[in-house]
file upload.cif (mmCIF, C-alpha atoms (C1' of nucleotides))
data_final
loop_
_atom_site.label_atom_id
_atom_site.label_comp_id
_atom_site.auth_asym_id
_atom_site.auth_seq_id
_atom_site.Cartn_x
_atom_site.Cartn_y
_atom_site.Cartn_z
CA MET A 1 0.00 0.00 0.00
CA PRO A 2 2.83 2.47 0.61
CA ALA A 3 4.21 1.18 -2.67
CA LEU A 4 0.91 2.03 -4.32
CA ALA A 5 1.12 5.58 -3.01
CA GLU A 6 4.67 5.91 -4.28
CA VAL A 7 3.65 4.91 -7.79
CA PHE A 8 1.01 7.62 -7.90
CA ARG A 9 3.45 10.15 -6.51
CA GLU A 10 6.14 9.33 -9.03
CA HIS A 11 3.98 9.01 -12.12
CA GLY A 12 0.82 10.98 -11.37
CA TYR A 13 -2.64 9.60 -11.79
CA GLU A 14 -2.61 9.12 -15.54
CA GLY A 15 0.98 7.97 -15.64
CA ALA A 16 0.47 5.25 -13.06
CA SER A 17 -0.45 2.34 -15.30
CA LEU A 18 -1.81 -0.89 -13.95
CA ALA A 19 1.37 -2.58 -15.15
CA LEU A 20 3.48 -0.21 -13.04
CA ILE A 21 1.19 -0.59 -10.06
CA SER A 22 1.23 -4.34 -10.40
CA ARG A 23 4.99 -4.45 -10.55
CA ALA A 24 5.48 -1.98 -7.69
CA THR A 25 3.10 -3.76 -5.34
CA GLY A 26 3.95 -7.27 -6.41
CA LEU A 27 0.24 -7.96 -6.79
CA GLY A 28 -1.33 -9.30 -9.97
CA LYS A 29 -4.32 -7.69 -11.58
CA GLY A 30 -6.57 -10.28 -10.02
CA SER A 31 -5.56 -9.27 -6.52
CA LEU A 32 -5.71 -5.58 -7.31
CA TYR A 33 -9.22 -5.70 -8.66
CA HIS A 34 -10.25 -7.92 -5.80
CA LEU A 35 -9.02 -5.35 -3.28
CA PHE A 36 -10.17 -2.33 -5.28
CA PRO A 37 -13.25 -3.29 -7.32
CA GLY A 38 -13.49 0.31 -8.46
CA GLY A 39 -10.21 0.05 -10.33
CA LYS A 40 -7.55 2.72 -10.53
CA ALA A 41 -9.84 5.50 -9.36
CA GLU A 42 -10.59 3.61 -6.15
CA MET A 43 -6.92 2.88 -5.60
CA ALA A 44 -6.06 6.56 -5.87
CA ALA A 45 -9.01 7.54 -3.69
CA CYS A 46 -7.91 5.02 -1.07
CA VAL A 47 -4.34 6.30 -1.11
CA LEU A 48 -5.62 9.86 -0.82
CA ALA A 49 -7.79 8.89 2.12
CA GLU A 50 -4.83 7.29 3.85
CA ILE A 51 -2.67 10.34 3.30
CA ASP A 52 -5.45 12.55 4.56
CA ALA A 53 -5.86 10.44 7.66
CA TRP A 54 -2.14 10.55 8.33
CA PHE A 55 -1.99 14.31 8.08
CA GLU A 56 -5.11 14.67 10.17
CA ALA A 57 -3.69 12.53 12.93
CA ASN A 58 -0.09 13.72 12.83
CA LEU A 59 -0.39 17.36 11.86
CA TYR A 60 -3.86 18.86 11.91
CA ARG A 61 -5.12 17.46 15.17
CA PRO A 62 -1.97 18.30 17.11
CA LEU A 63 -2.06 21.81 15.69
CA ARG A 64 -5.62 22.31 16.83
CA ALA A 65 -5.41 20.51 20.14
CA ALA A 66 -1.92 21.19 21.44
CA GLU A 67 -1.60 22.98 24.75
CA ARG A 68 1.57 24.65 23.53
CA PRO A 69 0.85 25.67 19.92
CA GLU A 70 4.46 26.80 19.42
CA THR A 71 5.64 23.23 19.95
CA ALA A 72 2.90 21.85 17.70
CA ILE A 73 3.99 24.18 14.92
CA SER A 74 7.62 23.25 15.18
CA ASP A 75 6.58 19.59 15.34
CA MET A 76 4.67 20.17 12.14
CA PHE A 77 7.79 21.43 10.38
CA GLU A 78 9.71 18.45 11.57
CA ALA A 79 6.99 16.06 10.38
CA VAL A 80 6.79 17.80 7.02
CA GLN A 81 10.54 17.63 6.61
CA THR A 82 10.52 13.92 7.30
CA TYR A 83 7.38 13.11 5.35
CA PHE A 84 8.51 14.80 2.16
CA ARG A 85 12.03 13.42 2.52
CA SER A 86 13.57 16.89 2.42
CA GLY A 87 11.77 17.66 -0.79
CA ARG A 88 12.83 14.51 -2.57
CA ARG A 89 9.36 13.10 -2.16
CA VAL A 90 6.51 14.83 -3.91
CA CYS A 91 3.15 15.75 -2.41
CA LEU A 92 0.59 13.56 -4.12
CA VAL A 93 -2.21 15.91 -3.22
CA GLY A 94 -0.34 18.77 -4.85
CA VAL A 95 0.28 16.68 -7.95
CA LEU A 96 -3.41 15.89 -8.21
CA ALA A 97 -4.26 19.55 -7.69
CA LEU A 98 -2.16 20.58 -10.67
CA GLY A 99 -2.95 17.98 -13.26
CA GLY A 100 -4.33 14.59 -13.97
CA GLY A 101 -7.60 13.60 -12.36
CA ARG A 102 -8.38 17.02 -11.03
CA ASP A 103 -12.14 16.71 -11.33
CA LEU A 104 -12.15 13.23 -9.86
CA PHE A 105 -10.41 14.17 -6.63
CA ALA A 106 -11.16 17.86 -6.40
CA GLU A 107 -13.13 17.49 -3.20
CA ALA A 108 -10.53 15.43 -1.38
CA VAL A 109 -7.72 17.69 -2.54
CA ARG A 110 -9.62 20.75 -1.44
CA GLY A 111 -10.37 19.28 1.97
CA TYR A 112 -6.75 18.35 2.57
CA PHE A 113 -5.55 21.91 2.02
CA VAL A 114 -8.50 23.62 3.65
CA ARG A 115 -7.97 21.66 6.84
CA TRP A 116 -4.22 22.15 6.79
CA VAL A 117 -4.58 25.92 6.50
CA ALA A 118 -7.35 25.99 9.09
CA ALA A 119 -5.42 23.93 11.62
CA LEU A 120 -2.31 26.03 11.20
CA ASP A 121 -4.37 29.19 11.43
CA ASP A 122 -5.82 27.93 14.69
CA ALA A 123 -2.42 27.23 16.17
CA LEU A 124 -0.96 30.52 14.99
CA ARG A 125 -3.79 32.46 16.49
CA ARG A 126 -3.20 30.81 19.81
CA THR A 127 0.42 31.88 19.74
CA GLY A 128 -0.76 35.46 19.75
CA HIS A 129 -1.30 36.45 16.14
CA ASP A 130 -4.45 38.36 15.44
CA ALA A 131 -7.04 36.73 13.24
CA ALA A 132 -6.20 38.43 9.95
CA ALA A 133 -2.45 37.96 10.29
CA SER A 134 -2.63 34.30 11.23
CA ALA A 135 -5.01 33.43 8.39
CA ALA A 136 -2.71 35.05 5.87
CA LEU A 137 0.37 33.51 7.40
CA ALA A 138 -1.14 30.02 7.47
CA GLU A 139 -1.96 30.24 3.79
CA GLU A 140 1.52 31.50 3.01
CA VAL A 141 3.18 28.71 4.94
CA VAL A 142 1.23 25.93 3.25
CA ALA A 143 1.81 27.46 -0.17
CA GLN A 144 5.49 27.91 0.54
CA ILE A 145 5.82 24.26 1.50
CA GLN A 146 4.20 23.17 -1.74
CA GLY A 147 6.28 25.58 -3.77
CA ALA A 148 9.45 24.47 -2.04
CA ILE A 149 8.73 20.90 -3.12
CA VAL A 150 8.36 22.03 -6.72
CA LEU A 151 11.52 24.09 -6.60
CA ALA A 152 13.60 21.51 -4.78
CA ARG A 153 12.58 18.92 -7.33
CA ALA A 154 13.15 21.17 -10.30
CA LEU A 155 16.61 22.20 -9.12
CA ASP A 156 17.33 18.72 -7.81
CA GLU A 157 18.48 20.37 -4.61
CA PRO A 158 16.82 19.08 -1.47
CA ALA A 159 18.58 21.83 0.44
CA VAL A 160 16.11 24.29 -1.07
CA PHE A 161 13.32 22.53 0.75
CA THR A 162 15.11 22.41 4.06
CA ARG A 163 16.08 26.06 3.76
CA ALA A 164 12.50 27.07 2.97
CA LEU A 165 11.20 25.30 6.06
CA ALA A 166 13.82 26.93 8.25
CA ALA A 167 13.00 30.36 6.85
CA LEU A 168 9.30 29.82 7.51
CA GLN A 169 9.92 28.78 11.06
CA SER A 170 12.03 31.80 11.80
CA ARG A 171 9.47 34.08 10.18
CA ILE A 172 6.75 32.63 12.36
CA ALA A 173 8.88 33.02 15.43
CA THR A 174 9.80 36.65 14.81
CA ALA A 175 6.29 37.59 13.69
CA ALA A 176 4.73 36.07 16.78
CA GLY A 177 2.98 38.44 19.09
CA MET B 7 0.77 26.69 -30.74
CA PRO B 8 -0.67 28.43 -27.65
CA ALA B 9 -3.37 25.77 -27.85
CA LEU B 10 -0.66 23.13 -27.77
CA ALA B 11 0.81 24.67 -24.64
CA GLU B 12 -2.59 24.73 -23.00
CA VAL B 13 -3.14 21.03 -23.62
CA PHE B 14 0.11 20.17 -21.88
CA ARG B 15 -0.73 22.49 -19.01
CA GLU B 16 -4.16 21.03 -18.47
CA HIS B 17 -3.32 17.38 -18.90
CA GLY B 18 0.37 17.09 -18.16
CA TYR B 19 2.83 15.37 -20.45
CA GLU B 20 1.46 11.86 -20.20
CA GLY B 21 -2.14 12.97 -20.16
CA ALA B 22 -1.85 15.01 -23.33
CA SER B 23 -2.75 12.40 -25.91
CA LEU B 24 -2.28 12.98 -29.60
CA ALA B 25 -6.03 12.89 -29.99
CA LEU B 26 -6.42 15.75 -27.51
CA ILE B 27 -3.60 17.69 -29.10
CA SER B 28 -5.05 17.17 -32.53
CA ARG B 29 -8.48 18.36 -31.45
CA ALA B 30 -7.14 21.35 -29.53
CA THR B 31 -4.93 22.56 -32.33
CA GLY B 32 -7.24 21.65 -35.17
CA LEU B 33 -4.31 19.92 -36.89
CA GLY B 34 -4.38 16.33 -38.04
CA LYS B 35 -1.67 13.88 -37.18
CA GLY B 36 -0.09 14.36 -40.57
CA SER B 37 0.45 18.06 -39.94
CA LEU B 38 1.61 17.51 -36.39
CA TYR B 39 4.25 15.00 -37.34
CA HIS B 40 5.29 17.15 -40.24
CA LEU B 41 5.87 20.11 -37.92
CA PHE B 42 7.31 18.03 -35.08
CA PRO B 43 9.08 15.00 -36.56
CA GLY B 44 10.18 14.09 -33.06
CA GLY B 45 6.63 13.46 -31.96
CA LYS B 46 5.15 14.39 -28.62
CA ALA B 47 8.50 14.85 -26.93
CA GLU B 48 9.50 17.45 -29.50
CA MET B 49 6.15 19.22 -29.14
CA ALA B 50 6.61 19.51 -25.40
CA ALA B 51 10.23 20.57 -25.78
CA CYS B 52 9.20 23.23 -28.25
CA VAL B 53 6.47 24.54 -25.96
CA LEU B 54 8.94 24.58 -23.10
CA ALA B 55 11.43 26.52 -25.19
CA GLU B 56 8.78 29.07 -26.08
CA ILE B 57 7.76 29.51 -22.47
CA ASP B 58 11.39 29.85 -21.48
CA ALA B 59 11.97 32.47 -24.15
CA TRP B 60 8.91 34.40 -23.02
CA PHE B 61 10.04 34.47 -19.41
CA GLU B 62 13.55 35.34 -20.41
CA ALA B 63 12.40 38.30 -22.47
CA ASN B 64 9.59 39.53 -20.23
CA LEU B 65 10.86 38.75 -16.75
CA TYR B 66 14.45 37.68 -16.43
CA ARG B 67 16.08 40.19 -18.71
CA PRO B 68 14.18 43.18 -17.31
CA LEU B 69 15.06 42.03 -13.81
CA ARG B 70 18.74 41.89 -14.63
CA ALA B 71 18.94 44.94 -16.83
CA ALA B 72 16.49 47.44 -15.37
CA GLU B 73 17.86 50.73 -14.19
CA ARG B 74 15.27 50.81 -11.47
CA PRO B 75 15.16 47.26 -10.05
CA GLU B 76 12.20 48.12 -7.82
CA THR B 77 10.09 48.80 -10.88
CA ALA B 78 11.32 45.66 -12.61
CA ILE B 79 10.32 43.60 -9.59
CA SER B 80 6.86 45.06 -9.38
CA ASP B 81 6.54 44.60 -13.15
CA MET B 82 7.45 40.98 -12.62
CA PHE B 83 4.61 40.51 -10.17
CA GLU B 84 2.21 42.10 -12.58
CA ALA B 85 3.42 39.90 -15.43
CA VAL B 86 3.17 36.78 -13.25
CA GLN B 87 -0.32 37.71 -12.18
CA THR B 88 -1.40 38.12 -15.79
CA TYR B 89 0.48 35.14 -17.17
CA PHE B 90 -0.91 32.67 -14.65
CA ARG B 91 -4.38 34.14 -14.91
CA SER B 92 -4.56 34.81 -11.19
CA GLY B 93 -3.68 31.22 -10.46
CA ARG B 94 -6.28 29.74 -12.75
CA ARG B 95 -3.58 28.81 -15.19
CA VAL B 96 -0.99 26.30 -14.15
CA CYS B 97 2.76 26.57 -14.58
CA LEU B 98 3.72 23.93 -17.13
CA VAL B 99 7.31 23.93 -15.95
CA GLY B 100 6.15 23.26 -12.39
CA VAL B 101 3.92 20.46 -13.61
CA LEU B 102 6.82 18.86 -15.43
CA ALA B 103 9.03 19.28 -12.38
CA LEU B 104 6.60 17.31 -10.24
CA GLY B 105 5.59 14.43 -12.43
CA GLY B 106 5.39 13.09 -15.90
CA GLY B 107 8.44 13.34 -18.14
CA ARG B 108 10.74 14.54 -15.42
CA ASP B 109 13.85 12.92 -16.80
CA LEU B 110 13.10 14.09 -20.34
CA PHE B 111 12.90 17.77 -19.50
CA ALA B 112 14.93 17.95 -16.32
CA GLU B 113 17.54 20.21 -17.84
CA ALA B 114 15.07 22.70 -19.29
CA VAL B 115 13.02 22.75 -16.10
CA ARG B 116 16.10 23.32 -14.04
CA GLY B 117 17.29 26.14 -16.25
CA TYR B 118 13.97 27.91 -16.10
CA PHE B 119 13.99 28.04 -12.33
CA VAL B 120 17.69 28.65 -11.92
CA ARG B 121 17.52 31.68 -14.16
CA TRP B 122 14.37 32.98 -12.54
CA VAL B 123 15.91 32.83 -9.08
CA ALA B 124 19.19 34.29 -10.33
CA ALA B 125 17.53 37.19 -12.12
CA LEU B 126 15.39 38.03 -9.12
CA ASP B 127 18.39 37.71 -6.85
CA ASP B 128 20.24 40.16 -9.06
CA ALA B 129 17.44 42.70 -8.94
CA LEU B 130 16.93 42.32 -5.21
CA ARG B 131 20.58 42.86 -4.52
CA ARG B 132 20.51 46.06 -6.50
CA THR B 133 17.67 47.33 -4.35
CA GLY B 134 19.97 47.17 -1.38
CA HIS B 135 19.68 43.66 0.02
CA ASP B 136 22.93 42.03 0.96
CA ALA B 137 23.94 38.94 -0.97
CA ALA B 138 22.81 36.29 1.48
CA ALA B 139 19.43 37.88 2.13
CA SER B 140 18.58 38.46 -1.50
CA ALA B 141 19.52 34.93 -2.55
CA ALA B 142 17.28 33.49 0.14
CA LEU B 143 14.48 35.90 -0.63
CA ALA B 144 14.61 35.20 -4.36
CA GLU B 145 14.30 31.50 -3.73
CA GLU B 146 11.42 32.08 -1.36
CA VAL B 147 9.55 34.28 -3.80
CA VAL B 148 9.77 31.83 -6.70
CA ALA B 149 8.75 28.95 -4.47
CA GLN B 150 5.88 30.93 -3.05
CA ILE B 151 4.59 31.70 -6.53
CA GLN B 152 4.65 28.04 -7.45
CA GLY B 153 3.03 27.03 -4.21
CA ALA B 154 0.36 29.68 -4.58
CA ILE B 155 -0.58 28.20 -7.94
CA VAL B 156 -0.95 24.78 -6.35
CA LEU B 157 -2.98 26.13 -3.46
CA ALA B 158 -5.19 28.39 -5.56
CA ARG B 159 -5.97 25.49 -7.83
CA ALA B 160 -6.60 23.06 -5.02
CA LEU B 161 -8.93 25.43 -3.22
CA ASP B 162 -10.39 26.69 -6.48
CA GLU B 163 -9.86 30.19 -5.15
CA PRO B 164 -7.86 32.45 -7.44
CA ALA B 165 -7.86 35.03 -4.67
CA VAL B 166 -5.28 32.91 -2.86
CA PHE B 167 -2.87 33.53 -5.70
CA THR B 168 -3.49 37.24 -5.84
CA ARG B 169 -3.15 37.52 -2.09
CA ALA B 170 0.13 35.61 -2.11
CA LEU B 171 1.61 37.91 -4.72
CA ALA B 172 0.55 40.97 -2.78
CA ALA B 173 2.04 39.60 0.42
CA LEU B 174 5.32 38.88 -1.33
CA GLN B 175 5.49 42.37 -2.76
CA SER B 176 4.92 43.99 0.59
CA ARG B 177 7.49 41.72 2.21
CA ILE B 178 10.05 42.70 -0.37
CA ALA B 179 9.23 46.35 0.09
CA THR B 180 9.52 46.32 3.88
CA ALA B 181 12.64 44.13 3.85
CA ALA B 182 14.39 46.40 1.37
CA GLY B 183 17.20 48.62 2.41
"C1'" DC C 17 -2.57 24.76 -68.08
"C1'" DG C 18 1.19 21.25 -66.22
"C1'" DC C 19 4.90 20.35 -63.13
"C1'" DT C 20 7.23 20.19 -58.42
"C1'" DG C 21 7.31 20.28 -53.77
"C1'" DT C 22 5.07 20.93 -49.56
"C1'" DT C 23 0.96 20.49 -46.41
"C1'" DT C 24 -2.76 17.58 -45.02
"C1'" DG C 25 -6.24 13.68 -44.05
"C1'" DT C 26 -6.75 8.90 -43.40
"C1'" DA C 27 -5.89 4.22 -42.84
"C1'" DC C 28 -3.13 1.46 -40.40
"C1'" DC C 29 0.70 -0.52 -37.15
"C1'" DG C 30 2.13 -2.98 -32.82
"C1'" DA C 31 1.98 -1.94 -27.99
"C1'" DT C 32 -0.31 -0.85 -24.15
"C1'" DC C 33 -4.19 1.07 -21.79
"C1'" DG C 34 -7.96 0.01 -17.94
"C1'" DG C 35 -10.95 -3.63 -17.01
"C1'" DT C 36 -13.26 -8.50 -17.05
"C1'" DA C 37 -13.69 -13.63 -16.87
"C1'" DC C 38 -12.51 -17.50 -14.88
"C1'" DA C 39 -10.17 -21.39 -13.49
"C1'" DA C 40 -6.38 -22.92 -10.78
"C1'" DA C 41 -4.13 -22.29 -6.08
"C1'" DC C 42 -4.88 -21.32 -1.70
"C1'" DT C 43 -6.88 -20.94 3.12
"C1'" DT C 44 -10.20 -22.36 6.45
"C1'" DG C 45 -13.99 -24.83 9.20
"C1'" DG C 46 -15.52 -29.23 9.91
"C1'" DC D 14 -8.99 -34.95 4.45
"C1'" DC D 15 -12.50 -32.87 2.19
"C1'" DA D 16 -15.84 -29.23 0.91
"C1'" DA D 17 -16.66 -24.01 0.85
"C1'" DG D 18 -14.93 -19.72 0.39
"C1'" DT D 19 -11.35 -16.65 -0.62
"C1'" DT D 20 -7.12 -15.02 -2.96
"C1'" DT D 21 -4.40 -15.18 -7.06
"C1'" DG D 22 -2.40 -15.73 -11.97
"C1'" DT D 23 -3.47 -15.61 -16.69
"C1'" DA D 24 -5.74 -15.07 -20.90
"C1'" DC D 25 -8.41 -12.01 -23.02
"C1'" DC D 26 -11.50 -7.77 -24.27
"C1'" DG D 27 -12.33 -3.38 -26.92
"C1'" DA D 28 -10.32 1.13 -26.85
"C1'" DT D 29 -6.72 3.99 -27.23
"C1'" DC D 30 -1.89 4.96 -27.08
"C1'" DG D 31 2.24 7.14 -29.94
"C1'" DG D 32 3.90 6.71 -34.41
"C1'" DT D 33 4.27 5.54 -39.67
"C1'" DA D 34 2.89 5.20 -44.62
"C1'" DC D 35 1.11 7.21 -48.21
"C1'" DA D 36 -1.89 9.10 -51.38
"C1'" DA D 37 -4.97 12.92 -52.20
"C1'" DA D 38 -5.13 18.15 -51.93
"C1'" DC D 39 -2.65 22.07 -52.24
"C1'" DA D 40 0.54 25.72 -53.28
"C1'" DG D 41 3.86 28.46 -56.20
"C1'" DC D 42 6.10 28.87 -60.64
"C1'" DG D 43 6.69 28.40 -65.68
#
call {"tool": "encode", "arguments": {"input": "upload.cif", "output": "structure tokens"}}
result
Amino acid sequence: MPALAEVFREHGYEGASLALISRATGLGKGSLYHLFPGGKAEMAACVLAEIDAWFEANLYRPLRAAERPETAISDMFEAVQTYFRSGRRVCLVGVLALGGGRDLFAEAVRGYFVRWVAALDDALRRTGHDAAASAALAEEVVAQIQGAIVLARALDEPAVFTRALAALQSRIATAAG
Amino acid sequence: MPALAEVFREHGYEGASLALISRATGLGKGSLYHLFPGGKAEMAACVLAEIDAWFEANLYRPLRAAERPETAISDMFEAVQTYFRSGRRVCLVGVLALGGGRDLFAEAVRGYFVRWVAALDDALRRTGHDAAASAALAEEVVAQIQGAIVLARALDEPAVFTRALAALQSRIATAAG
DNA sequence: CGCTGTTTGTACCGATCGGTACAAACTTGG
DNA sequence: CCAAGTTTGTACCGATCGGTACAAACAGCG
């Protein structure tokens, strides 16, 4: 199943052929269509749901629920750094947002980002930012993370990603009220 | 030819089938393969080259050569805003960086971003930023633009893109000196 | 008009696409 | 150990993929 996710990440929705998926997972078509009767669309939807659940549990919920929001935010950066392998690993949700099966997964993609921004906004506000500032900052941070993945990949320089995260963290710290 | 570019933007490299391309351009396969003997790869390469040339002429060169770098920078934001249709239009180079024919176009993709960052860095430095700050800021700005496209698309809210550009401009202005 | 060279539409190629059918190979309860 | 149910490999389906062949349609020039 992680292998399945990796195939979609590396090749996008359209580029992930059943042959590739079959090879990457080691499962034949029979098994695949037994597990996912809905075919490729269901596979992608399932992967998306898993990703969403992971982010919800490991990032969004802590951001919203943490007693010390500052720690939750810096935990988020650490988790993001690890999850995206310093920018070597691509964000599947971002990939789907840009191309491929945009209409198919629009709702899931939207929810993923809406909740990320909202959770970060919540945490930022509780560190002392006023409402307007924290909303804008949350949006900026999420966008910057996505953009840093693009740039790090394009330049083939993971350091770009790491640097971007560090810059964001220091901006948040100095902007804090 | 702009139609060709749009097909690649909307469907990515793998998703842009010859049937789609043919319909979008109004050209039959015969004409397409007469114009681009190298097939789809050559079409994409040609589109990429055109995009690169456009950015070079309209953004990079002005950034490097302008007498008043502040104006060149704000012109850049205006051009970006128009070119990406307030985030409704996707950056083909970013799309290629994330998925699809990454290996095929890696060099072109890399060059596009390297030169963008370098040109912006040049202009920023001439507004008074010291070397380290302007290099970091240039990288941040380009990444933020890419990320804002992703986010605006995902949320289906072009305003996100516009807002991100405005925030960047004001950050540059206040950080100057 | 006829001739020459380029631009185009169309039929076709093998390969591969996503998806289905189904019978062997398994596990499992008795 | 056998019957019932589940998991798997494989052969196959029509559609479409990127790409080629080639002959009609076309242009410019005499």
call {"tool": "residues_around", "arguments": {"input": "upload.cif", "residues": "DT22 (chain C)", "least_positions_apart": "6", "cutoff": "12 Å", "atoms": "all atoms listed in the file", "output": "MDAnalysis selection string"}}
result
(chainID B and resid 37 40:41) or (chainID D and resid 38:41)
call {"tool": "interface_residues", "arguments": {"input": "upload.cif", "of": "chain D", "to": "chain A", "cutoff": "9 Å", "atoms": "all atoms listed in the file", "output": "PyMOL selection string"}}
result
chain D and resi 20-22
call {"tool": "resolve_selection", "arguments": {"input": "upload.cif", "expression": "the PyMOL selection byres ((chain C) within 8 of (chain B))", "output": "JSON, numbers by chain"}}
result
{"C": [23, 24, 25]}
call {"tool": "interface_residues", "arguments": {"input": "upload.cif", "of": "chain B", "to": "chain A", "cutoff": "7 Å", "atoms": "only C-alpha atoms", "output": "PyMOL selection string"}}
result
chain B and resi 16-18+20-21+96+100-101+103-106+115-116+146+149-154+156-157+159-161+170
call {"tool": "axis_aligned_box", "arguments": {"input": "upload.cif", "around": "region 56-59 of chain B", "padding_each_side": "6 Å", "output": "lines of an AutoDock Vina configuration file"}}
result
center_x = 9.9
center_y = 30.8
center_z = -23.8
size_x = 16.2
size_y = 15.4
size_z = 16.6
call {"tool": "residues_near_point", "arguments": {"input": "upload.cif", "point": "(-4.5, 4.3, -28.2)", "cutoff": "10 Å", "atoms": "only C-alpha atoms (C1' of nucleotides)", "output": "PyMOL selection string"}}
result
(chain B and resi 23-25) or (chain C and resi 31-33) or (chain D and resi 28-31)
call {"tool": "atom_distance", "arguments": {"input": "upload.cif", "atom1": "CA of Gly32 (chain B)", "atom2": "CA of Lys46 (chain B)"}}
result
15.8 Å
call {"tool": "atom_distance", "arguments": {"input": "upload.cif", "atom1": "CA of Ala53 (chain A)", "atom2": "CA of Arg115 (chain A)"}}
result
11.4 Å
call {"tool": "resolve_selection", "arguments": {"input": "upload.cif", "expression": "the PyMOL selection byres ((chain B and resi 66) around 9)", "output": "list in words"}}
result
Phe61, Glu62, Ala63, Asn64, Leu65, Arg67, Pro68, Leu69, Arg70, Ala71, Met82, Arg121, Trp122, Val123, Ala124, Ala125 and Leu126 of chain B
call {"tool": "resolve_selection", "arguments": {"input": "upload.cif", "expression": "the PyMOL selection byres ((chain C and resi 39) around 12)", "output": "MDAnalysis selection string"}}
result
(chainID C and resid 37:38 40:41) or (chainID D and resid 21:24)
call {"tool": "residues_around", "arguments": {"input": "upload.cif", "residues": "Val86 (chain B)", "least_positions_apart": "2", "cutoff": "10 Å", "atoms": "all atoms listed in the file", "output": "number ranges by chain"}}
result
B: 61, 64-65, 80-84, 88-93, 151, 168, 171
call {"tool": "atom_distance", "arguments": {"input": "upload.cif", "atom1": "CA of Asp128 (chain B)", "atom2": "CA of Ile57 (chain B)"}}
result
21.2 Å
call {"tool": "residues_around", "arguments": {"input": "upload.cif", "residues": "DC28 (chain C)", "least_positions_apart": "6", "cutoff": "12 Å", "atoms": "only C-alpha atoms (C1' of nucleotides)", "output": "PyMOL selection string"}}
result
chain D and resi 32-35
call {"tool": "residues_around", "arguments": {"input": "upload.cif", "residues": "Ala173 (chain A)", "least_positions_apart": "6", "cutoff": "12 Å", "atoms": "all atoms listed in the file", "output": "PyMOL selection string"}}
result
chain A and resi 69-71+73-74+124+127-129+137+166-167
call {"tool": "decode", "arguments": {"input": "upload.cif", "residues": "region 168-182 of chain B", "atoms": "N, CA and C atoms", "output": "PDB file, in the first residue's frame"}}
result
ATOM      1  N   THR B 168      -3.637  35.784  -5.877  1.00  0.00           N
ATOM      2  CA  THR B 168      -3.492  37.239  -5.841  1.00  0.00           C
ATOM      3  C   THR B 168      -2.980  37.709  -4.484  1.00  0.00           C
ATOM      4  N   ARG B 169      -3.564  37.160  -3.448  1.00  0.00           N
ATOM      5  CA  ARG B 169      -3.147  37.520  -2.091  1.00  0.00           C
ATOM      6  C   ARG B 169      -1.671  37.188  -1.863  1.00  0.00           C
ATOM      7  N   ALA B 170      -1.254  36.020  -2.317  1.00  0.00           N
ATOM      8  CA  ALA B 170       0.130  35.606  -2.106  1.00  0.00           C
ATOM      9  C   ALA B 170       1.087  36.572  -2.794  1.00  0.00           C
ATOM     10  N   LEU B 171       0.741  36.969  -4.009  1.00  0.00           N
ATOM     11  CA  LEU B 171       1.610  37.907  -4.716  1.00  0.00           C
ATOM     12  C   LEU B 171       1.689  39.236  -3.976  1.00  0.00           C
ATOM     13  N   ALA B 172       0.552  39.706  -3.502  1.00  0.00           N
ATOM     14  CA  ALA B 172       0.548  40.974  -2.783  1.00  0.00           C
ATOM     15  C   ALA B 172       1.407  40.886  -1.528  1.00  0.00           C
ATOM     16  N   ALA B 173       1.261  39.770  -0.814  1.00  0.00           N
ATOM     17  CA  ALA B 173       2.037  39.600   0.416  1.00  0.00           C
ATOM     18  C   ALA B 173       3.530  39.600   0.111  1.00  0.00           C
ATOM     19  N   LEU B 174       3.906  38.930  -0.956  1.00  0.00           N
ATOM     20  CA  LEU B 174       5.320  38.885  -1.333  1.00  0.00           C
ATOM     21  C   LEU B 174       5.833  40.282  -1.632  1.00  0.00           C
ATOM     22  N   GLN B 175       5.056  41.025  -2.395  1.00  0.00           N
ATOM     23  CA  GLN B 175       5.492  42.374  -2.756  1.00  0.00           C
ATOM     24  C   GLN B 175       5.699  43.241  -1.521  1.00  0.00           C
ATOM     25  N   SER B 176       4.770  43.115  -0.580  1.00  0.00           N
ATOM     26  CA  SER B 176       4.920  43.986   0.589  1.00  0.00           C
ATOM     27  C   SER B 176       6.096  43.513   1.451  1.00  0.00           C
ATOM     28  N   ARG B 177       6.330  42.208   1.464  1.00  0.00           N
ATOM     29  CA  ARG B 177       7.489  41.717   2.209  1.00  0.00           C
ATOM     30  C   ARG B 177       8.770  42.245   1.605  1.00  0.00           C
ATOM     31  N   ILE B 178       8.845  42.212   0.286  1.00  0.00           N
ATOM     32  CA  ILE B 178      10.050  42.704  -0.373  1.00  0.00           C
ATOM     33  C   ILE B 178      10.250  44.179  -0.079  1.00  0.00           C
ATOM     34  N   ALA B 179       9.140  44.910  -0.122  1.00  0.00           N
ATOM     35  CA  ALA B 179       9.232  46.353   0.088  1.00  0.00           C
ATOM     36  C   ALA B 179       9.727  46.670   1.504  1.00  0.00           C
ATOM     37  N   THR B 180       9.155  45.996   2.500  1.00  0.00           N
ATOM     38  CA  THR B 180       9.522  46.317   3.877  1.00  0.00           C
ATOM     39  C   THR B 180      10.914  45.801   4.210  1.00  0.00           C
ATOM     40  N   ALA B 181      11.321  44.696   3.545  1.00  0.00           N
ATOM     41  CA  ALA B 181      12.640  44.135   3.853  1.00  0.00           C
ATOM     42  C   ALA B 181      13.752  44.897   3.137  1.00  0.00           C
ATOM     43  N   ALA B 182      13.378  45.730   2.183  1.00  0.00           N
ATOM     44  CA  ALA B 182      14.393  46.400   1.374  1.00  0.00           C
ATOM     45  C   ALA B 182      15.237  47.337   2.222  1.00  0.00           C
TER      46      ALA B 182
END
